[in-house]
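Since the structure comes first, as C-alpha cells, the remarks are kept for the end.
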Protein chains: 2
Amino acid sequence: MKEVVVAGVGMHEFGRFPEKTVIDMGVTATERALEDAGLEWKQVQLAYVGYLDQGMAAGSRILFELGRTGIPILNIESASCSGNAALREAHYAVATGRCDIALALGVGKMGRLMPAYTSTDPHEEGLRRAEGIVQAGAPMAMTARRRMVEFGATMDQYAKVSVKAHKNASMNPYAQYRKTCTIEEVHASRMIYDPLTALHFCPTGDGAAAAIVCTRAVAERWGRKPYVSIVADAMGTGLYRSPRRKAENLTGRVVREASEQCGAGILDMDLIQVHDGFTVEEVLHYEALGLAAEGEGEKLIDEGVTEIGGRHPVNTDGGLLSRGHPIGPTGLAQIWETVTQLRGEAGARQVENARQGLVQCVGTGDVCFIQVFRR
Amino acid sequence: MKEVVVAGVGMHEFGRFPEKTVIDMGVTATERALEDAGLEWKQVQLAYVGYLDQGMAAGSRILFELGRTGIPILNIESASCSGNAALREAHYAVATGRCDIALALGVGKMGRLMPAYTSTDPHEEGLRRAEGIVQAGAPMAMTARRRMVEFGATMDQYAKVSVKAHKNASMNPYAQYRKTCTIEEVHASRMIYDPLTALHFCPTGDGAAAAIVCTRAVAERWGRKPYVSIVADAMGTGLYRSPRRKAENLTGRVVREASEQCGAGILDMDLIQVHDGFTVEEVLHYEALGLAAEGEGEKLIDEGVTEIGGRHPVNTDGGLLSRGHPIGPTGLAQIWETVTQLRGEAGARQVENARQGLVQCVGTGDVCFIQVFRR
C-alpha cells in the first residue's frame with residue numbers, strides 16, 4: 001500500500017443555513033480543500049461523498065457544479081461516520097493504486113429533529129419506541145445516572161465536558177457555537193433527558209467538509225508542507241454501547257487495529273477527536289480508547305488532561321457538542337481539525353508540537369472508525 | 001490487480017412483499033449467495049451494501065442478523081446503480097488486496113411512487129417541476145415522439161421491447177412479472193405519459209440481490225465451477241440523456257473504457273443487460289453501447305437480434321421492465337443473471353455457449369457503470 005497524504009482540507013461553516021442547499025455548502029468545502037491543496041478540480045480522479053438523507057446521488061449533484069469531468073463519484077452512508085467512511089474509501093483508492101488524487105466530501109443538512117435512536121435489534125427498537133426512548137440521548141442519560149451510582153461521577157464533571165467543548169469551539173471559525181459557557185449555564189439549560197440538560201447534547205445543523213488525498217509523489221509536486229500522512233485507517237462493526245461487556249467494546253477493538261497499523265498507541269497521540277454526541281459519551285470513549293481505566297474517565301476532566309494544554313487534548317475544535325454534528329460532514333470536520341493542528345495552523349487553539357493525531361467516530365449500525373494522521 | 005471471481009450469487013424474489021423488511025430480504029439474498037459460493041458468513045471479510053432511502057446504516061442492520069463478525073460494512077448509494085456500485089467496491093477491495101472475500105448486497109423496498117426525476121441542474125429541475133415533468137418517464141415519452149418523427153420509429157417497435165422483457169421474465173423464477181404479454185396488451189395498458197402506456201414502464205417493487213467475490217485462489221479452494229471472473233469494471237459520470245450530443249454520450253465513453261480493460265468489444269458479448277427503465281430507453285442504450293448506429297436501434301427489435309437466440313440477447317432475465325427495479329438490488333440482479341447464464345444454469349432462458357456477458361446500468365446523478373464477466 002502506498003503512503004497517502006492529505007493534500008488539502010476545507011470546510012463550510014457548521015450551523016444553520018436555511019438559505020443554502022447541500023450543493024452550495026459541498027461546493028464551498030470542496031473549493032476550499034482544492035485551494036488548500038493547490039490543486040484544480042480537473043486533477044481529481046475519484047470522489048467519495050458521505051451523507052445521510054440528502055436525496056439520490058447527491059455527490060454528483062454537488063460536484064457537477066465544479067465541472068463534469070466524468071470521474072467516478074460514489075456516495076457513502078455510514079450514519080454519524082459518513083465523512084470518515086468517505087475518507088477511508090478515498091484513502092484506500094489511492095493507497096492501492098486505483099488513482100493518485102481523490103476527494104472525500106461530507107455534507108449534511110438537517111431538520112431540527114435529531115434522528116431517532118435506531119437499535120440494530122428490531123425487537124429492542126420496538127421496546128424502546130414503546131417506552132419513548134427513541135433518541136440516543138435517553139440511554140446516555142441512563143448511563144450518566146448509573147455512573148453516578150457506580151463510580152461516584154458528578155454532573156459537574158459532565159458539565160465540564162461541555163464547558164471544554166464550548167471553549168475550544170470559541171477559537172474555531174467554522175464552529176456552530178462560538179461562545180464559551182460555564183458549569184452553571186450547563187446545569188441551568190433546558191432539561192432534555194434527566195439528568196442531561198440541553199448543553200450536554202450536540203446540536204443539529206448544516207455544513208460540509210472535504211479532504212483531498214493523494215500519493216506522496218503528488219504531494220511533493222503540488223502540496224504544501226508539512227505533509228500530513230494517513231498512517232492508520234481501521235474500521236469495525238459490532239457492539240459498542242455495551243459498557244458491561246468490555247470484551248465487546250468496539251472502539252477498543254478498532255483502536256488496537258489502528259495502533260498495529262501505525263505503530264503508536266493512544267498515549268502517543270498529541271491530539272484526539274472523538275464522537276461526543278453527549279458529554280457523558282466523551283467520557284465513555286476515554287475509557288474505550290484506553291486513556292483511562294473503567295470508571296476513571298471523569299477524572300481526566302477534573303484534572304484537565306483532555307484540555308488544550310493538557311497531556312491528551314480531546315476535541316480541540318469543539319467536537320460534536322460545539323463545533324456541531326450535521327452527520328454527513330462530521331468525520332471530515334474531525335479530519336480537518338487534525339490536519340490543521342498537525343500543520344501548526346490552528347491559531348489560538350493550537351496544540352504545541354502536535355505530530356500525530358487520532359480521529360474516532362462511532363455511529364448507528366454499531367460502526368467505529370479510527371484514523372490516525374502524522375506529519 | 002488480482003483476478004477476482006464471483007464465487008456466489010443469490011436473490012430474494014423481486015415483487016411486492018408488504019410483510020417483509022429489507023432486513024428479511026437482504027438476509028435471504030446473502031444466505032443464498034453464501035450457499036451458492038459454498039462459504040459461511042464468518043468467512044466474509046468486508047461488505048458493501050447498496051440501497052436508497054432505507055434508513056441509517058441499513059447494511060449493518062441486515063448483516064448483523066447473520067452474526068456480528070466485526071467486519072467493515074459500508075453503505076453505498078448510486079441511485080439505480082447502487083447494486084453495481086456495491087459490486088464495484090467489493091471487486092476492487094479484493095483486486096487490490098484489501099481482503100480475499102467480500103460481499104456486495106443490494107436491497108430495496110419502495111412505496112408505490114416512482115422516485116421523482118431529479119435533474120442535476122437545480123434550475124432545470126425547477127423548470128421541470130413547474131411543467132409537471134417530475135418523472136423520468138416524461139422525458140422518455142418525449143424521446144419516443146421525437147424518434148417517431150426523426151427516424152420513423154413506431155409504437156409497435158417499442159411495445160416489442162416490453163413483449164421481449166415479459167417473455168424472458170416468464171422464465172425467471174425471481175422476476176416480478178412472470179406472465180407473457182402481446183403487443184396489443186402493451187398498447188391497451190393504461191396511458192401514463194402519452195405515447196407510453198403502463199407496460200412501457202418498469203414497475204416499483206421490493207427485493208434483494210447479493211454476490212460474493214473472492215480471489216481466484218479462494219475460488220479454487222471453495223468455489224464451484226465454472227469460475228466467473230470480473231474482467232472489466234468501469235464507471236463514469238456526466239451527461240447521459242443527451243442524444244443530440246453524441247460526444248458526450250456517457251455509456252459510450254464508459255463502454256470504451258470497459259472494452260480496453262477486458263480486450264473485448266460490445267459485439268463480442270454473448271449476453272448484455274441494460275437499464276431498461278422504459279422500453280424506449282433500452283433502444284437508446286443499444287445505440288449508446290454501439291450495438292446499432294444512431295436511429296437504427298429499433299431495427300434490432302424488429303429483427304429479433306436482442307432476443308434470447310438472437311445475435312445479441314439483451315435483458316435475458318426480463319430486465320427492469322419485467323424482472324423488476326427495486327433500485328438498490330437492481331444492478332446485482334443484472335449480475336446474478338449474467339453469472340447464472342455464464343455458468344449455464346439459466347434453464348429455459350439459457351443463452352447457448354455464453355462465455356462473456358456485459359452489464360450496463362445508468363442512474364440519476366448521471367452515472368454509468370459497465371461490468372463485464374467471463375467464464
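Here, A, B, ... name the chains of the C-alpha cells in the order displayed, residue numbers run from 1 inside each chain, and ligands are numbered from 1 in the same displayed order.
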Item checked: Exercise answer, chain A residues close to chain B, 7 Å and only C-alpha atoms, as a VMD selection string -> chain A and resid 56 to 57 60 to 61 68 70 to 79 96 120 235 to 238 364 to 365
Item checked: Close residues, region 173-177 of chain B itself excluded, 8 Å, only C-alpha atoms, min 4 positions apart in chain, as a VMD selection string -> chain B and resid 11 to 16 166 169 205 317 to 318 322 to 324
Check: Which neighbours of Leu321 (chain A) fall inside 8 Å, counting only C-alpha atoms, when residues of the same chain fewer than 3 positions from it are skipped, and could you give them as number ranges by chain?
Finding: A: 162, 165-166, 199-203, 276-279, 318, 324-325
Please return, as a compact mmCIF listing (two decimals) with N, CA and C atoms, in the first residue's frame, all residues of region 219-297 of chain B that DSSP assigns to helix (DSSP H, G or I) on the basis of the backbone.
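What landed in states.txt:
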```txt
# COMPACT_ATOMS: atom_id res chain seq x y z
N ALA B 219 -11.47 -19.07 -4.76
CA ALA B 219 -12.47 -19.76 -5.60
C ALA B 219 -12.02 -21.19 -5.89
N GLU B 220 -10.74 -21.35 -6.13
CA GLU B 220 -10.25 -22.69 -6.47
C GLU B 220 -10.31 -23.62 -5.26
N ARG B 221 -10.31 -23.03 -4.07
CA ARG B 221 -10.36 -23.84 -2.85
C ARG B 221 -11.81 -24.18 -2.51
N TRP B 222 -12.70 -23.17 -2.62
CA TRP B 222 -14.07 -23.38 -2.15
C TRP B 222 -15.14 -23.31 -3.25
N LYS B 246 -23.62 13.47 -29.24
CA LYS B 246 -23.06 12.12 -29.19
C LYS B 246 -21.72 12.06 -28.45
N ALA B 247 -20.93 13.12 -28.60
CA ALA B 247 -19.60 13.12 -28.00
C ALA B 247 -19.70 13.02 -26.48
N GLU B 248 -20.84 13.42 -25.95
CA GLU B 248 -20.99 13.39 -24.50
C GLU B 248 -21.77 12.18 -24.01
N LEU B 250 -22.48 9.21 -22.27
CA LEU B 250 -21.75 8.65 -21.14
C LEU B 250 -21.55 7.15 -21.28
N THR B 251 -22.62 6.42 -21.65
CA THR B 251 -22.49 4.97 -21.81
C THR B 251 -21.41 4.65 -22.85
N GLY B 252 -21.39 5.41 -23.93
CA GLY B 252 -20.39 5.19 -24.97
C GLY B 252 -18.98 5.35 -24.44
N ARG B 253 -18.81 6.38 -23.61
CA ARG B 253 -17.48 6.61 -23.04
C ARG B 253 -17.08 5.49 -22.09
N VAL B 254 -18.02 5.07 -21.25
CA VAL B 254 -17.67 4.06 -20.23
C VAL B 254 -17.49 2.68 -20.88
N VAL B 255 -18.28 2.37 -21.91
CA VAL B 255 -18.13 1.05 -22.53
C VAL B 255 -16.79 0.96 -23.26
N ARG B 256 -16.30 2.08 -23.77
CA ARG B 256 -14.97 2.06 -24.38
C ARG B 256 -13.91 1.73 -23.34
N GLU B 257 -14.04 2.33 -22.16
CA GLU B 257 -13.09 2.05 -21.09
C GLU B 257 -13.16 0.57 -20.69
N ALA B 258 -14.39 0.05 -20.59
CA ALA B 258 -14.56 -1.36 -20.22
C ALA B 258 -13.94 -2.27 -21.28
N SER B 259 -14.13 -1.92 -22.54
CA SER B 259 -13.56 -2.73 -23.63
C SER B 259 -12.05 -2.78 -23.53
N GLU B 260 -11.45 -1.63 -23.20
CA GLU B 260 -9.99 -1.61 -23.03
C GLU B 260 -9.56 -2.52 -21.88
N GLN B 261 -10.36 -2.51 -20.82
CA GLN B 261 -9.99 -3.33 -19.66
C GLN B 261 -10.02 -4.83 -19.98
N CYS B 262 -11.03 -5.24 -20.76
CA CYS B 262 -11.20 -6.69 -20.94
C CYS B 262 -10.79 -7.16 -22.34
N ILE B 266 -18.27 -4.67 -27.62
CA ILE B 266 -19.68 -4.98 -27.35
C ILE B 266 -20.17 -6.12 -28.24
N LEU B 267 -19.66 -6.20 -29.47
CA LEU B 267 -20.14 -7.24 -30.39
C LEU B 267 -19.61 -8.62 -30.03
N ASP B 268 -18.62 -8.65 -29.12
CA ASP B 268 -18.08 -9.93 -28.65
C ASP B 268 -18.89 -10.52 -27.49
N THR B 279 -39.23 1.15 -22.21
CA THR B 279 -38.94 0.41 -23.45
C THR B 279 -38.02 1.21 -24.36
N VAL B 280 -38.34 2.50 -24.51
CA VAL B 280 -37.54 3.33 -25.43
C VAL B 280 -36.12 3.47 -24.93
N GLU B 281 -35.94 3.41 -23.60
CA GLU B 281 -34.59 3.54 -23.05
C GLU B 281 -33.71 2.36 -23.48
N GLU B 282 -34.29 1.17 -23.53
CA GLU B 282 -33.47 0.01 -23.96
C GLU B 282 -32.90 0.27 -25.35
N VAL B 283 -33.74 0.81 -26.22
CA VAL B 283 -33.30 1.07 -27.60
C VAL B 283 -32.20 2.14 -27.61
N LEU B 284 -32.34 3.18 -26.79
CA LEU B 284 -31.29 4.21 -26.71
C LEU B 284 -29.96 3.58 -26.30
N HIS B 285 -30.02 2.63 -25.37
CA HIS B 285 -28.78 2.01 -24.91
C HIS B 285 -28.16 1.11 -25.97
N TYR B 286 -28.98 0.49 -26.84
CA TYR B 286 -28.39 -0.26 -27.96
C TYR B 286 -27.43 0.65 -28.72
N GLU B 287 -27.91 1.87 -28.97
CA GLU B 287 -27.10 2.80 -29.76
C GLU B 287 -25.91 3.32 -28.97
N ALA B 288 -26.14 3.63 -27.71
CA ALA B 288 -25.05 4.15 -26.89
C ALA B 288 -23.93 3.13 -26.73
N LEU B 289 -24.33 1.85 -26.64
CA LEU B 289 -23.33 0.79 -26.45
C LEU B 289 -22.60 0.44 -27.75
N GLY B 297 -31.61 1.68 -33.67
CA GLY B 297 -31.81 0.76 -32.55
C GLY B 297 -33.07 -0.06 -32.67
```
Check: At what distance in Å, to one decimal, does CA of Gly8 (chain B) lie from CA of Gly223 (chain B)?
Finding: 7.8 Å
Notebook entry, point to check: Leaving out region 304-315 of chain B and any residue of its chain fewer than 6 positions from it, which residues lie within 8 Å of it when counting only C-alpha atoms, given as a list in words?
Noted result: Lys164, Ala165, Asn168, Leu267, Met269, Asp270, Leu271, Ile272, Gln273, Val274, Arg349, Gln350, Val351 and Glu352 of chain B
Take the residues from that selection and write them out as an mmCIF file, in the first residue's frame, keeping all heavy atoms.
```cif
data_model
loop_
_atom_site.group_PDB
_atom_site.id
_atom_site.type_symbol
_atom_site.label_atom_id
_atom_site.label_comp_id
_atom_site.auth_asym_id
_atom_site.auth_seq_id
_atom_site.Cartn_x
_atom_site.Cartn_y
_atom_site.Cartn_z
ATOM 1 N N LYS B 164 -40.732 -8.716 -25.282
ATOM 2 C CA LYS B 164 -39.497 -9.498 -25.071
ATOM 3 C C LYS B 164 -39.178 -9.605 -23.581
ATOM 4 O O LYS B 164 -38.850 -10.683 -23.063
ATOM 5 C CB LYS B 164 -38.335 -8.834 -25.819
ATOM 6 C CG LYS B 164 -36.963 -9.386 -25.466
ATOM 7 C CD LYS B 164 -35.844 -8.838 -26.342
ATOM 8 C CE LYS B 164 -35.328 -7.474 -25.918
ATOM 9 N NZ LYS B 164 -34.620 -7.469 -24.631
ATOM 10 N N ALA B 165 -39.289 -8.473 -22.890
ATOM 11 C CA ALA B 165 -38.968 -8.478 -21.458
ATOM 12 C C ALA B 165 -39.885 -9.435 -20.696
ATOM 13 O O ALA B 165 -39.431 -10.224 -19.860
ATOM 14 C CB ALA B 165 -39.091 -7.059 -20.896
ATOM 15 N N ASN B 168 -38.985 -13.093 -21.424
ATOM 16 C CA ASN B 168 -37.789 -13.548 -20.713
ATOM 17 C C ASN B 168 -38.073 -13.718 -19.218
ATOM 18 O O ASN B 168 -37.654 -14.688 -18.596
ATOM 19 C CB ASN B 168 -36.633 -12.564 -20.923
ATOM 20 C CG ASN B 168 -36.139 -12.564 -22.372
ATOM 21 O OD1 ASN B 168 -36.552 -13.407 -23.175
ATOM 22 N ND2 ASN B 168 -35.271 -11.619 -22.714
ATOM 23 N N LEU B 267 -19.661 -6.199 -29.475
ATOM 24 C CA LEU B 267 -20.139 -7.238 -30.394
ATOM 25 C C LEU B 267 -19.610 -8.620 -30.025
ATOM 26 O O LEU B 267 -20.079 -9.636 -30.535
ATOM 27 C CB LEU B 267 -19.789 -6.879 -31.841
ATOM 28 C CG LEU B 267 -20.373 -5.540 -32.333
ATOM 29 C CD1 LEU B 267 -19.932 -5.249 -33.766
ATOM 30 C CD2 LEU B 267 -21.902 -5.527 -32.234
ATOM 31 N N MET B 269 -19.827 -9.735 -26.979
ATOM 32 C CA MET B 269 -20.556 -10.183 -25.787
ATOM 33 C C MET B 269 -21.648 -11.186 -26.161
ATOM 34 O O MET B 269 -22.384 -10.981 -27.119
ATOM 35 C CB MET B 269 -21.191 -8.975 -25.071
ATOM 36 C CG MET B 269 -20.171 -7.984 -24.539
ATOM 37 S SD MET B 269 -19.076 -8.723 -23.296
ATOM 38 C CE MET B 269 -17.551 -7.807 -23.639
ATOM 39 N N ASP B 270 -21.750 -12.248 -25.366
ATOM 40 C CA ASP B 270 -22.757 -13.276 -25.622
ATOM 41 C C ASP B 270 -24.108 -12.911 -25.022
ATOM 42 O O ASP B 270 -25.134 -13.443 -25.427
ATOM 43 C CB ASP B 270 -22.283 -14.615 -25.065
ATOM 44 C CG ASP B 270 -20.982 -15.056 -25.718
ATOM 45 O OD1 ASP B 270 -20.940 -15.060 -26.970
ATOM 46 O OD2 ASP B 270 -20.012 -15.340 -25.004
ATOM 47 N N LEU B 271 -24.082 -12.046 -24.015
ATOM 48 C CA LEU B 271 -25.340 -11.508 -23.493
ATOM 49 C C LEU B 271 -25.067 -10.166 -22.843
ATOM 50 O O LEU B 271 -23.939 -9.887 -22.422
ATOM 51 C CB LEU B 271 -26.041 -12.472 -22.537
ATOM 52 C CG LEU B 271 -25.417 -12.740 -21.176
ATOM 53 C CD1 LEU B 271 -26.496 -13.187 -20.187
ATOM 54 C CD2 LEU B 271 -24.347 -13.834 -21.298
ATOM 55 N N ILE B 272 -26.107 -9.348 -22.789
ATOM 56 C CA ILE B 272 -25.984 -7.957 -22.356
ATOM 57 C C ILE B 272 -27.190 -7.621 -21.481
ATOM 58 O O ILE B 272 -28.321 -7.957 -21.835
ATOM 59 C CB ILE B 272 -25.932 -7.019 -23.593
ATOM 60 C CG1 ILE B 272 -24.670 -7.309 -24.436
ATOM 61 C CG2 ILE B 272 -25.989 -5.546 -23.180
ATOM 62 C CD1 ILE B 272 -24.718 -6.742 -25.846
ATOM 63 N N GLN B 273 -26.932 -6.966 -20.338
ATOM 64 C CA GLN B 273 -28.033 -6.445 -19.521
ATOM 65 C C GLN B 273 -27.926 -4.922 -19.535
ATOM 66 O O GLN B 273 -26.832 -4.387 -19.325
ATOM 67 C CB GLN B 273 -27.955 -6.942 -18.066
ATOM 68 C CG GLN B 273 -27.612 -8.424 -17.900
ATOM 69 C CD GLN B 273 -28.597 -9.370 -18.554
ATOM 70 O OE1 GLN B 273 -29.811 -9.162 -18.469
ATOM 71 N NE2 GLN B 273 -28.088 -10.413 -19.221
ATOM 72 N N VAL B 274 -29.029 -4.241 -19.786
ATOM 73 C CA VAL B 274 -29.020 -2.769 -19.761
ATOM 74 C C VAL B 274 -30.140 -2.248 -18.867
ATOM 75 O O VAL B 274 -31.070 -2.983 -18.514
ATOM 76 C CB VAL B 274 -29.171 -2.145 -21.177
ATOM 77 C CG1 VAL B 274 -28.118 -2.695 -22.140
ATOM 78 C CG2 VAL B 274 -30.577 -2.340 -21.732
ATOM 79 N N ARG B 349 -34.268 -20.086 -20.204
ATOM 80 C CA ARG B 349 -33.818 -18.852 -20.868
ATOM 81 C C ARG B 349 -32.310 -18.865 -21.147
ATOM 82 O O ARG B 349 -31.708 -17.818 -21.446
ATOM 83 C CB ARG B 349 -34.232 -17.620 -20.052
ATOM 84 C CG ARG B 349 -33.595 -17.495 -18.724
ATOM 85 C CD ARG B 349 -34.076 -16.309 -17.900
ATOM 86 N NE ARG B 349 -33.125 -16.084 -16.822
ATOM 87 C CZ ARG B 349 -32.976 -16.885 -15.767
ATOM 88 N NH1 ARG B 349 -33.714 -17.954 -15.615
ATOM 89 N NH2 ARG B 349 -32.050 -16.599 -14.854
ATOM 90 N N GLN B 350 -31.699 -20.041 -21.066
ATOM 91 C CA GLN B 350 -30.253 -20.146 -21.260
ATOM 92 C C GLN B 350 -29.829 -19.674 -22.659
ATOM 93 O O GLN B 350 -30.410 -20.080 -23.661
ATOM 94 C CB GLN B 350 -29.795 -21.603 -21.060
ATOM 95 C CG GLN B 350 -28.290 -21.807 -21.212
ATOM 96 C CD GLN B 350 -27.492 -21.078 -20.135
ATOM 97 O OE1 GLN B 350 -27.823 -21.130 -18.952
ATOM 98 N NE2 GLN B 350 -26.447 -20.353 -20.540
ATOM 99 N N VAL B 351 -28.813 -18.820 -22.689
ATOM 100 C CA VAL B 351 -28.168 -18.412 -23.942
ATOM 101 C C VAL B 351 -27.082 -19.444 -24.231
ATOM 102 O O VAL B 351 -26.213 -19.682 -23.384
ATOM 103 C CB VAL B 351 -27.542 -17.006 -23.793
ATOM 104 C CG1 VAL B 351 -26.738 -16.648 -25.036
ATOM 105 C CG2 VAL B 351 -28.634 -15.975 -23.521
ATOM 106 N N GLU B 352 -27.150 -20.033 -25.403
ATOM 107 C CA GLU B 352 -26.222 -21.123 -25.706
ATOM 108 C C GLU B 352 -24.775 -20.660 -25.736
ATOM 109 O O GLU B 352 -24.456 -19.612 -26.292
ATOM 110 C CB GLU B 352 -26.567 -21.731 -27.083
ATOM 111 C CG GLU B 352 -27.523 -22.898 -26.967
ATOM 112 C CD GLU B 352 -27.809 -23.496 -28.336
ATOM 113 O OE1 GLU B 352 -26.846 -23.872 -29.031
ATOM 114 O OE2 GLU B 352 -29.009 -23.548 -28.697
#
```
Note to self: Need the shell around region 137-146 of chain B: protein/DNA/RNA residues with any atom at most 7 Å away, counting only C-alpha atoms. Skip same-chain ones fewer than 5 positions apart. Format as a count of residues only?
What the structure shows: 5
